[in-house]
Every structure is written in C-alpha cells, then in structure tokens.
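This is input_5.csv (CSV, C-alpha atoms).
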```
chain,number,residue,atom,x,y,z
A,19,MET,CA,5.6,-73.2,-39.2
A,20,ASN,CA,7.1,-69.8,-39.0
A,21,ALA,CA,5.4,-68.5,-42.2
A,22,PRO,CA,2.9,-70.0,-44.6
A,23,THR,CA,3.7,-70.9,-48.2
A,24,LEU,CA,1.8,-70.2,-51.4
A,25,GLN,CA,0.2,-73.6,-51.1
A,26,ASP,CA,-1.0,-72.8,-47.6
A,27,ILE,CA,-2.6,-69.7,-49.0
A,28,ARG,CA,-4.3,-71.7,-51.7
A,29,GLU,CA,-5.6,-74.2,-49.1
A,30,ALA,CA,-6.8,-71.3,-47.0
A,31,ALA,CA,-8.8,-70.0,-50.0
A,32,ILE,CA,-10.7,-73.3,-50.1
A,33,ARG,CA,-11.2,-73.4,-46.4
A,34,ILE,CA,-12.7,-69.9,-46.0
A,35,ALA,CA,-14.9,-70.1,-49.1
A,36,PRO,CA,-18.1,-70.6,-46.9
A,37,LEU,CA,-17.4,-67.4,-45.0
A,38,ALA,CA,-15.4,-64.9,-47.1
A,39,HIS,CA,-16.7,-63.0,-50.1
A,40,ARG,CA,-14.6,-62.8,-53.3
A,41,THR,CA,-14.5,-59.0,-53.4
A,42,PRO,CA,-14.5,-56.9,-56.6
A,43,VAL,CA,-11.6,-54.9,-58.1
A,44,LEU,CA,-12.5,-51.4,-59.1
A,45,THR,CA,-10.8,-48.8,-61.4
A,46,SER,CA,-11.2,-45.1,-62.1
A,47,ARG,CA,-9.7,-43.1,-64.9
A,48,GLY,CA,-10.1,-40.0,-62.8
A,49,LEU,CA,-8.0,-41.5,-59.9
A,50,ASP,CA,-5.4,-42.8,-62.4
A,51,GLU,CA,-5.0,-39.2,-63.7
A,52,ILE,CA,-4.6,-37.9,-60.1
A,53,CYS,CA,-2.0,-40.4,-59.0
A,54,GLY,CA,-0.2,-40.8,-62.4
A,55,ALA,CA,-0.5,-44.6,-62.4
A,56,GLN,CA,-3.0,-47.3,-63.1
A,57,ALA,CA,-4.6,-48.2,-59.8
A,58,PHE,CA,-6.6,-51.4,-59.2
A,59,PHE,CA,-8.6,-51.3,-56.0
A,60,LYS,CA,-9.2,-54.6,-54.3
A,61,CYS,CA,-12.3,-53.7,-52.3
A,62,GLU,CA,-12.0,-55.5,-49.0
A,63,ASN,CA,-14.2,-52.7,-47.5
A,64,LEU,CA,-17.0,-54.7,-49.2
A,65,GLN,CA,-15.9,-57.9,-47.5
A,66,ARG,CA,-18.0,-59.7,-44.9
A,67,THR,CA,-17.6,-57.9,-41.5
A,68,GLY,CA,-16.4,-54.9,-43.4
A,69,SER,CA,-12.7,-55.9,-43.7
A,70,PHE,CA,-10.2,-58.4,-44.9
A,71,LYS,CA,-9.8,-59.7,-41.4
A,72,ILE,CA,-12.5,-62.4,-41.9
A,73,ARG,CA,-10.1,-64.2,-44.2
A,74,GLY,CA,-7.4,-64.8,-41.5
A,75,ALA,CA,-9.8,-65.3,-38.6
A,76,SER,CA,-11.9,-67.9,-40.4
A,77,ASN,CA,-8.9,-69.8,-41.7
A,78,ALA,CA,-7.5,-70.1,-38.2
A,79,ILE,CA,-10.7,-70.9,-36.5
A,80,LEU,CA,-12.0,-73.4,-39.0
A,81,ALA,CA,-8.6,-75.2,-38.9
A,82,LEU,CA,-8.7,-75.7,-35.1
A,83,SER,CA,-9.7,-79.1,-33.7
A,84,ASP,CA,-12.8,-79.7,-31.6
A,85,ASP,CA,-10.6,-80.1,-28.5
A,86,GLU,CA,-8.9,-76.8,-29.2
A,87,VAL,CA,-12.2,-74.8,-29.4
A,88,ARG,CA,-13.8,-76.5,-26.4
A,89,GLY,CA,-13.3,-73.4,-24.3
A,90,GLY,CA,-14.0,-71.1,-27.2
A,91,VAL,CA,-11.6,-68.6,-28.7
A,92,VAL,CA,-10.1,-65.3,-27.5
A,93,THR,CA,-8.3,-62.4,-29.2
A,94,HIS,CA,-7.4,-58.8,-28.8
A,95,SER,CA,-8.1,-56.3,-31.5
A,96,SER,CA,-8.6,-52.6,-32.3
A,97,GLY,CA,-11.8,-53.6,-34.1
A,98,ASN,CA,-11.8,-55.4,-37.4
A,99,HIS,CA,-10.2,-58.6,-36.3
A,100,ALA,CA,-12.6,-58.6,-33.3
A,101,SER,CA,-15.6,-58.7,-35.7
A,102,ALA,CA,-14.0,-61.3,-37.8
A,103,VAL,CA,-13.2,-63.7,-34.9
A,104,ALA,CA,-16.7,-63.2,-33.6
A,105,CYS,CA,-18.3,-64.0,-37.0
A,106,ALA,CA,-16.1,-67.0,-37.6
A,107,ALA,CA,-16.7,-68.3,-34.0
A,108,ARG,CA,-20.5,-67.9,-34.5
A,109,HIS,CA,-20.3,-69.9,-37.8
A,110,ARG,CA,-18.5,-72.7,-35.9
A,111,GLY,CA,-20.9,-72.5,-32.9
A,112,ILE,CA,-18.3,-71.6,-30.3
A,113,ARG,CA,-17.8,-68.7,-27.8
A,114,ALA,CA,-15.6,-65.7,-28.7
A,115,ASP,CA,-14.1,-63.4,-26.0
A,116,ILE,CA,-12.8,-60.2,-27.6
A,117,VAL,CA,-10.4,-57.7,-25.8
A,118,VAL,CA,-10.8,-54.3,-27.4
A,119,PRO,CA,-8.9,-51.1,-26.5
A,120,ASN,CA,-11.2,-48.5,-25.0
A,121,ASN,CA,-10.4,-46.0,-27.8
A,122,THR,CA,-11.7,-48.2,-30.5
A,123,PRO,CA,-14.5,-46.6,-32.5
A,124,LYS,CA,-17.9,-47.4,-31.3
A,125,ALA,CA,-18.9,-48.7,-34.7
A,126,LYS,CA,-16.3,-51.4,-34.6
A,127,GLN,CA,-17.2,-52.4,-31.0
A,128,GLU,CA,-20.8,-52.7,-32.0
A,129,THR,CA,-20.1,-54.7,-35.1
A,130,ALA,CA,-18.1,-57.3,-33.1
A,131,ALA,CA,-20.8,-57.5,-30.4
A,132,GLY,CA,-23.4,-57.9,-33.2
A,133,PHE,CA,-21.7,-61.1,-34.3
A,134,GLY,CA,-22.0,-62.5,-30.8
A,135,GLY,CA,-18.6,-61.5,-29.4
A,136,GLU,CA,-18.2,-60.9,-25.7
A,137,ILE,CA,-16.5,-57.5,-25.5
A,138,HIS,CA,-13.9,-56.7,-22.8
A,139,LEU,CA,-12.5,-53.2,-22.8
A,140,CYS,CA,-8.9,-52.5,-21.8
A,141,GLU,CA,-6.4,-49.6,-21.8
A,142,PRO,CA,-5.0,-48.9,-25.3
A,143,THR,CA,-1.6,-50.6,-24.9
A,144,LEU,CA,-0.3,-53.9,-26.2
A,145,ALA,CA,0.6,-54.9,-22.6
A,146,ALA,CA,-3.0,-54.3,-21.4
A,147,ARG,CA,-4.4,-56.2,-24.3
A,148,GLN,CA,-2.2,-59.2,-23.6
A,149,ALA,CA,-2.9,-59.1,-19.8
A,150,ALA,CA,-6.6,-59.2,-20.4
A,151,VAL,CA,-6.3,-62.1,-22.9
A,152,ASP,CA,-4.2,-64.0,-20.3
A,153,THR,CA,-6.9,-63.5,-17.6
A,154,ILE,CA,-9.6,-64.8,-19.9
A,155,GLN,CA,-7.6,-67.8,-21.0
A,156,GLN,CA,-7.0,-68.8,-17.4
A,157,ARG,CA,-10.7,-68.6,-16.6
A,158,THR,CA,-12.1,-70.2,-19.8
A,159,GLY,CA,-9.4,-72.3,-21.4
A,160,ALA,CA,-10.0,-70.4,-24.7
A,161,THR,CA,-7.6,-70.7,-27.6
A,162,MET,CA,-5.9,-67.5,-28.6
A,163,VAL,CA,-6.4,-66.4,-32.3
A,164,HIS,CA,-3.7,-63.7,-32.6
A,165,PRO,CA,-4.5,-60.9,-35.0
A,166,TYR,CA,-1.3,-61.5,-37.0
A,167,ASP,CA,1.3,-63.6,-35.2
A,168,ASN,CA,-0.2,-66.8,-36.5
A,169,PRO,CA,0.7,-68.6,-39.8
A,170,LEU,CA,-3.0,-69.6,-40.4
A,171,VAL,CA,-4.1,-66.0,-40.0
A,172,ILE,CA,-1.3,-64.8,-42.4
A,173,ALA,CA,-2.3,-67.5,-44.9
A,174,GLY,CA,-5.9,-66.4,-44.8
A,175,GLN,CA,-5.0,-62.7,-45.3
A,176,GLY,CA,-2.9,-63.7,-48.4
A,177,THR,CA,-6.0,-64.9,-50.1
A,178,ALA,CA,-7.0,-61.3,-51.0
A,179,ALA,CA,-3.8,-60.9,-53.1
A,180,LEU,CA,-4.4,-64.4,-54.6
A,181,GLU,CA,-7.8,-63.2,-55.9
A,182,LEU,CA,-6.4,-59.8,-57.0
A,183,LEU,CA,-3.7,-61.4,-59.2
A,184,ALA,CA,-6.2,-63.9,-60.6
A,185,ASP,CA,-8.3,-61.0,-61.7
A,186,ILE,CA,-5.5,-58.6,-62.8
A,187,PRO,CA,-2.4,-60.8,-63.5
A,188,ASP,CA,-0.3,-58.2,-65.2
A,189,LEU,CA,0.3,-55.9,-62.2
A,190,ASP,CA,3.7,-54.3,-61.7
A,191,ALA,CA,3.2,-53.8,-58.0
A,192,VAL,CA,0.8,-54.5,-55.1
A,193,ALA,CA,0.4,-52.4,-51.9
A,194,ALA,CA,-1.2,-53.1,-48.6
A,195,PRO,CA,-1.5,-51.2,-45.3
A,196,VAL,CA,0.8,-52.5,-42.5
A,197,SER,CA,0.2,-52.7,-38.8
A,198,GLY,CA,1.0,-56.0,-37.2
A,199,GLY,CA,2.0,-57.2,-40.7
A,200,GLY,CA,-0.4,-60.1,-41.2
A,201,LEU,CA,-1.9,-58.7,-44.4
A,202,LEU,CA,1.3,-57.4,-45.8
A,203,SER,CA,3.1,-60.7,-45.1
A,204,GLY,CA,0.3,-62.8,-46.7
A,205,THR,CA,0.2,-60.4,-49.6
A,206,ALA,CA,3.9,-60.6,-50.2
A,207,ILE,CA,3.9,-64.4,-50.0
A,208,ALA,CA,1.0,-64.7,-52.5
A,209,ALA,CA,2.2,-62.0,-54.9
A,210,THR,CA,5.8,-63.0,-55.2
A,211,GLY,CA,4.8,-66.7,-55.3
A,212,LEU,CA,2.4,-66.1,-58.2
A,213,LYS,CA,4.5,-63.6,-60.0
A,214,PRO,CA,8.2,-63.5,-59.3
A,215,GLY,CA,9.6,-60.1,-59.8
A,216,ILE,CA,6.5,-58.2,-58.8
A,217,GLN,CA,7.1,-55.4,-56.3
A,218,VAL,CA,5.2,-55.4,-52.9
A,219,PHE,CA,4.9,-52.2,-50.9
A,220,GLY,CA,3.7,-51.6,-47.3
A,221,ALA,CA,1.8,-48.4,-46.6
A,222,GLU,CA,1.9,-46.9,-43.1
A,223,PRO,CA,0.9,-43.7,-41.3
A,224,GLU,CA,3.8,-41.4,-40.3
A,225,ARG,CA,2.3,-41.3,-36.8
A,226,ALA,CA,2.6,-45.1,-36.4
A,227,ASP,CA,5.7,-45.8,-38.4
A,228,ASP,CA,7.3,-48.7,-36.4
A,229,ALA,CA,7.0,-51.1,-39.4
A,230,CYS,CA,8.9,-48.7,-41.7
A,231,ARG,CA,11.6,-48.2,-39.1
A,232,SER,CA,11.8,-52.0,-38.4
A,233,PHE,CA,12.0,-52.8,-42.1
A,234,HIS,CA,15.0,-50.5,-42.6
A,235,SER,CA,16.8,-51.3,-39.3
A,236,GLY,CA,16.3,-55.1,-39.6
A,237,LYS,CA,15.0,-55.4,-36.0
A,238,LEU,CA,11.7,-54.9,-34.2
A,239,GLU,CA,11.4,-51.2,-33.4
A,240,PRO,CA,9.0,-50.0,-30.7
A,241,LEU,CA,5.7,-48.3,-31.6
A,242,LEU,CA,6.6,-44.9,-30.2
A,243,THR,CA,3.2,-43.4,-30.9
A,244,SER,CA,-0.1,-44.5,-32.4
A,245,ASP,CA,-1.8,-41.1,-32.6
A,246,THR,CA,-3.3,-41.6,-36.0
A,247,ILE,CA,-6.8,-41.6,-37.5
A,248,ALA,CA,-5.9,-44.9,-39.1
A,249,ASP,CA,-7.1,-46.8,-36.0
A,250,GLY,CA,-6.7,-50.2,-37.6
A,251,LEU,CA,-2.9,-49.6,-37.9
A,252,ARG,CA,-2.0,-49.1,-34.3
A,253,ALA,CA,-0.4,-52.5,-33.7
A,254,ALA,CA,3.3,-53.4,-34.0
A,255,LEU,CA,5.1,-56.0,-36.1
A,256,CYS,CA,6.1,-59.3,-34.6
A,257,GLN,CA,9.3,-61.3,-35.5
A,258,ARG,CA,7.3,-63.7,-37.7
A,259,THR,CA,5.9,-60.9,-39.9
A,260,LEU,CA,9.1,-58.8,-39.9
A,261,ASP,CA,11.0,-61.8,-41.2
A,262,VAL,CA,8.6,-62.2,-44.1
A,263,ILE,CA,8.4,-58.5,-44.9
A,264,ARG,CA,12.2,-58.1,-44.8
A,265,ALA,CA,12.6,-61.0,-47.2
A,266,GLN,CA,9.8,-60.3,-49.7
A,267,VAL,CA,8.6,-56.7,-49.5
A,268,THR,CA,10.2,-54.0,-51.7
A,269,ASP,CA,9.7,-51.1,-49.3
A,270,ILE,CA,7.4,-49.6,-46.7
A,271,LEU,CA,6.4,-46.0,-47.4
A,272,THR,CA,4.7,-43.6,-45.0
A,273,VAL,CA,2.0,-40.9,-45.4
A,274,SER,CA,0.6,-38.0,-43.4
A,275,GLU,CA,-2.8,-37.7,-41.7
A,276,ALA,CA,-3.8,-35.1,-44.3
A,277,GLN,CA,-2.8,-37.4,-47.1
A,278,ILE,CA,-4.9,-40.2,-45.6
A,279,ILE,CA,-8.0,-37.9,-45.4
A,280,GLU,CA,-7.5,-36.7,-49.0
A,281,ALA,CA,-7.3,-40.4,-50.2
A,282,MET,CA,-10.5,-41.2,-48.3
A,283,LYS,CA,-12.3,-38.3,-49.9
A,284,LEU,CA,-11.1,-39.1,-53.4
A,285,ILE,CA,-12.1,-42.8,-53.1
A,286,TRP,CA,-15.5,-41.7,-51.9
A,287,ARG,CA,-15.9,-39.2,-54.7
A,288,TYR,CA,-14.7,-41.3,-57.6
A,289,LEU,CA,-15.4,-44.9,-56.6
A,290,LYS,CA,-18.6,-44.1,-54.6
A,291,ILE,CA,-17.5,-46.4,-51.7
A,292,VAL,CA,-16.8,-45.8,-48.1
A,293,VAL,CA,-13.3,-46.7,-46.9
A,294,GLU,CA,-12.0,-46.3,-43.4
A,295,PRO,CA,-8.7,-44.4,-42.8
A,296,SER,CA,-6.6,-47.6,-42.6
A,297,GLY,CA,-8.0,-48.8,-45.9
A,298,ALA,CA,-7.2,-45.5,-47.7
A,299,VAL,CA,-3.5,-45.6,-46.7
A,300,PRO,CA,-2.3,-47.5,-49.8
A,301,PHE,CA,-3.9,-45.0,-52.2
A,302,ALA,CA,-2.5,-42.1,-50.0
A,303,MET,CA,0.9,-43.8,-50.5
A,304,LEU,CA,0.4,-44.0,-54.3
A,305,MET,CA,-0.3,-40.3,-54.4
A,306,ALA,CA,2.4,-39.2,-51.9
A,307,HIS,CA,5.1,-41.2,-53.6
A,308,ARG,CA,4.0,-40.9,-57.2
A,309,GLU,CA,7.5,-40.8,-58.6
A,310,ARG,CA,7.9,-44.4,-57.5
A,311,PHE,CA,4.8,-45.6,-59.3
A,312,ALA,CA,4.5,-43.3,-62.4
A,313,GLY,CA,2.9,-45.1,-65.3
A,314,ARG,CA,2.8,-48.5,-63.5
A,315,ARG,CA,-0.1,-50.9,-62.8
A,316,VAL,CA,-0.5,-51.1,-59.1
A,317,GLY,CA,-2.9,-53.2,-57.1
A,318,LEU,CA,-4.1,-51.6,-53.9
A,319,ILE,CA,-5.8,-53.5,-51.1
A,320,LEU,CA,-8.5,-51.3,-49.5
A,321,SER,CA,-8.4,-53.2,-46.2
A,322,GLY,CA,-11.7,-52.1,-44.6
A,323,GLY,CA,-14.8,-49.9,-44.6
A,324,ASN,CA,-15.8,-49.8,-41.0
A,325,LEU,CA,-16.1,-46.0,-40.6
A,326,ASP,CA,-18.0,-44.2,-37.9
A,327,LEU,CA,-20.2,-41.9,-40.1
A,328,GLU,CA,-21.2,-39.9,-37.1
A,329,LYS,CA,-17.5,-38.9,-36.6
A,330,LEU,CA,-15.7,-38.5,-39.9
A,331,PRO,CA,-11.9,-37.8,-39.7
A,332,TRP,CA,-12.2,-34.4,-41.4
A,333,GLN,CA,-14.9,-33.2,-39.0
A,334,THR,CA,-13.8,-31.2,-36.0
```

Translate the structure described by the file into structure tokens.
Amino acid sequence: MNAPTLQDIREAAIRIAPLAHRTPVLTSRGLDEICGAQAFFKCENLQRTGSFKIRGASNAILALSDDEVRGGVVTHSSGNHASAVACAARHRGIRADIVVPNNTPKAKQETAAGFGGEIHLCEPTLAARQAAVDTIQQRTGATMVHPYDNPLVIAGQGTAALELLADIPDLDAVAAPVSGGGLLSGTAIAATGLKPGIQVFGAEPERADDACRSFHSGKLEPLLTSDTIADGLRAALCQRTLDVIRAQVTDILTVSEAQIIEAMKLIWRYLKIVVEPSGAVPFAMLMAHRERFAGRRVGLILSGGNLDLEKLPWQT
C-alpha cells in the first residue's frame, strides 16, 4: 500500500480510540479579526503525549503482529514521534528504542523517556538517524516505525482531520504543518475524501522549505537547512508523502521565524493555550498569506504543545 484510503483512516480512528484523545476545536473572534478569516483551531497540543503523533504511532504499533514486535520497535524522531512511539509501545507492553537528534529540546527527550523509551542520541542529520536505527535493528531485531514513510502512520495522522470535519463540516480549507509529510498527507486524504472540493494547504518555515520546493518542482528536493525554531519540522518529505501531497494538496506556503513567534504569542494570548513553534506555523501562514484566505472558514491543525518553557523562542 503506497498510501492509505479514507476507509483506512476510518479504521485507524477505531483502532487508536483506547490511546488517542478526541481533541477540541477552539475559535476566537479576536484572532478572526487579526487574520481576516474564520479560523477553527484543532488542538492537538492537548493530545496525549502533547502532539498529534500518538495517532500515527499507535495505529502502526497496534496493527503489528506479535511476531513483528517480538524485538520491540525502534524509530528516529526530533521529539514528538519519539514520545508517541514510547507511549504506544508501553501500552502494548513492548520495548521502544528511540533515536533522537542531539539538538532536540530537553523537554521532548524527557517526555519520551518518561513513557519508557530508551533514548539514543545522534548527530542532527537524517543519515545519522538512519545509521543509528540500523545498528539497533541489527542488535535487537526491532521493527521500524517510521515517523511518516508508513501508510499506517499516515492513516493515523489523518484521523485529526476526520474529527475536525465531523465537528466543523462546512470548512472551505484546512491547513497543517509539513515536515516529513505524514500529517499533511493524512489530512489531505481525509479532507478531500470527506468533502470533495475542499482546499488543503501545507504550512512550512522558510528556513526548512524543502516540501514547498518539492511540491512545485515535482521531485524530492534536499533539505538545505533546518535552522528553524520549529524543531518538529526539520525532516524531509519521502516519495510516498510527496505523491499524496502533489495529488491532493492545493499549495504549500512558507512563513518566517518572526511570523511563527507572533503566531505563538497570539494563540497564547487569545486562546490561552501553549503551542510549540511547529504547531503555530499554520496560523502564521493564515496571517502571512491573508489574501488567500480572506473571509473563508479555515481549519488549522495545531500539531503540538511540547514547548520548553525555560527557553521560549522569543527569549535571547
């Protein structure tokens, strides 16, 4: 299976029900006035483990056979997927080895360890991540649960949009942050399957814009830099997610670091919730490209809330 279907996403919603919360959708007249549109915030920052990642990780891990998890599971992650895999593995009673880049915020490392994950630090490159995973698999026989290049993970991530459109069915558009593309792919499959004609947008930092470039060129473009405060968006697309995104996403729009910080502050001020930089990127996109969304009803997936409160992005 190269990509999941809407039916796969519906089945994932049933499978993950014991682990994933149905998160609320918040609104704010003040934020609507600021961005010139009607924004509906799907609060995955309030999700179990603090991000949407529990959806995909639990769907993949709960779908594995007993033989496939005999050696446990292993993954690499910049933080949120790490916690999700550790949580889902603990629920199933199996070992989880987690490879984490050494520049991942301490808060995210501690969360994954708190769920029982065995943390292995590596250099912050995709090659280093994969090399560490390979070594662990050779030693333990663990099954890899990729953060996004996995149809079961993508199906799980799509359940957030499934819930969003069940709660707010008359949306004109939906937007999600994009890194490896699992969330955006699942969102696009769910949204366009439920409501043909709806527009789906990816939101990405200017400093990690490989998805935007790949979307427009039609081929996988290298991640030239990942020097962004949105630490959850430092991965690169794979062919599977690019194919879905090219077929079903309207556009991918980028935002600056300053715009991400402003979005975080406004969400904190008006909605009274903590959102990490990656989670604030869709609202930053709505403000930065307001002419694209003027007067429209837009669902925004706030992907996570695992923010290190001792080191806020606007503190020097």

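Our summary of the geometry notes that CA of His234 in chain A is positioned 12.3 Å from CA of Gly220 in chain A.
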
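For the pair CA of Cys230 in chain A and CA of Thr41 in chain A, the interatomic distance is 28.1 Å.
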
Neighbours of point (-12.3, -60.4, -55.5) within 6 Å, using all atoms listed in the file, written as a VMD selection string
chain A and resid 40 to 42 181

Nearest to Val267 in chain A: which of A:Ala209, A:Ala298, A:Leu284, A:Ala253 is it, counting all atoms listed in the file?
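Closest to Val267 in chain A, using all atoms listed in the file: A:Ala209.
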
For Val163 in chain A: contacts at 8 Å, all atoms listed in the file, fewer than 4 positions along chain excluded, given as a ChimeraX atom specification:
/A:75,78-79,91-93,103,168

Which residues of range 67-184 of chain A sit at most 7 Å from range 324-329 of chain A, using only C-alpha atoms? Give each one's shortest atom pair and distance in Å (one decimal place), in chain and ascending residue order, as a tab-separated table.
```
residue	atom	partner	partner_atom	distance
A:Gly68	CA	A:Asn324	CA	5.7
A:Pro123	CA	A:Asp326	CA	6.9
A:Ala125	CA	A:Asp326	CA	5.6
A:Lys126	CA	A:Asn324	CA	6.6
```

Generate the output file for the selected residues, C-alpha atoms, as a short mmCIF file (atom, residue, chain, number, x, y, z; two decimals), keeping the file's coordinate frame.
```cif
data_model
loop_
_atom_site.label_atom_id
_atom_site.label_comp_id
_atom_site.auth_asym_id
_atom_site.auth_seq_id
_atom_site.Cartn_x
_atom_site.Cartn_y
_atom_site.Cartn_z
CA GLY A 68 -16.40 -54.90 -43.40
CA PRO A 123 -14.50 -46.60 -32.50
CA ALA A 125 -18.90 -48.70 -34.70
CA LYS A 126 -16.30 -51.40 -34.60
#
```

All residues 7 Å or closer to Phe58 in chain A, all atoms listed in the file, same chain fewer than 2 positions away omitted, as a PDB file with C-alpha atoms, in the coordinates of the input:
```
ATOM      1  CA  VAL A  43     -11.600 -54.900 -58.100  1.00  0.00           C
ATOM      2  CA  LEU A  44     -12.500 -51.400 -59.100  1.00  0.00           C
ATOM      3  CA  THR A  45     -10.800 -48.800 -61.400  1.00  0.00           C
ATOM      4  CA  GLN A  56      -3.000 -47.300 -63.100  1.00  0.00           C
ATOM      5  CA  LYS A  60      -9.200 -54.600 -54.300  1.00  0.00           C
ATOM      6  CA  VAL A 316      -0.500 -51.100 -59.100  1.00  0.00           C
ATOM      7  CA  GLY A 317      -2.900 -53.200 -57.100  1.00  0.00           C
ATOM      8  CA  LEU A 318      -4.100 -51.600 -53.900  1.00  0.00           C
TER       9      LEU A 318
END
```

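Ranking A:Ala21, A:Ala302, A:Ile172, A:Leu144 by their shortest atom-to-atom distance to Arg252 in chain A, with all atoms listed in the file included, puts A:Leu144 first.
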
Identify which of the residues A:Ala149, A:Ala35, A:Leu304, A:Cys256 lies closest to Ile270 in chain A, counting only C-alpha atoms when measuring atom-to-atom distances.
A:Leu304
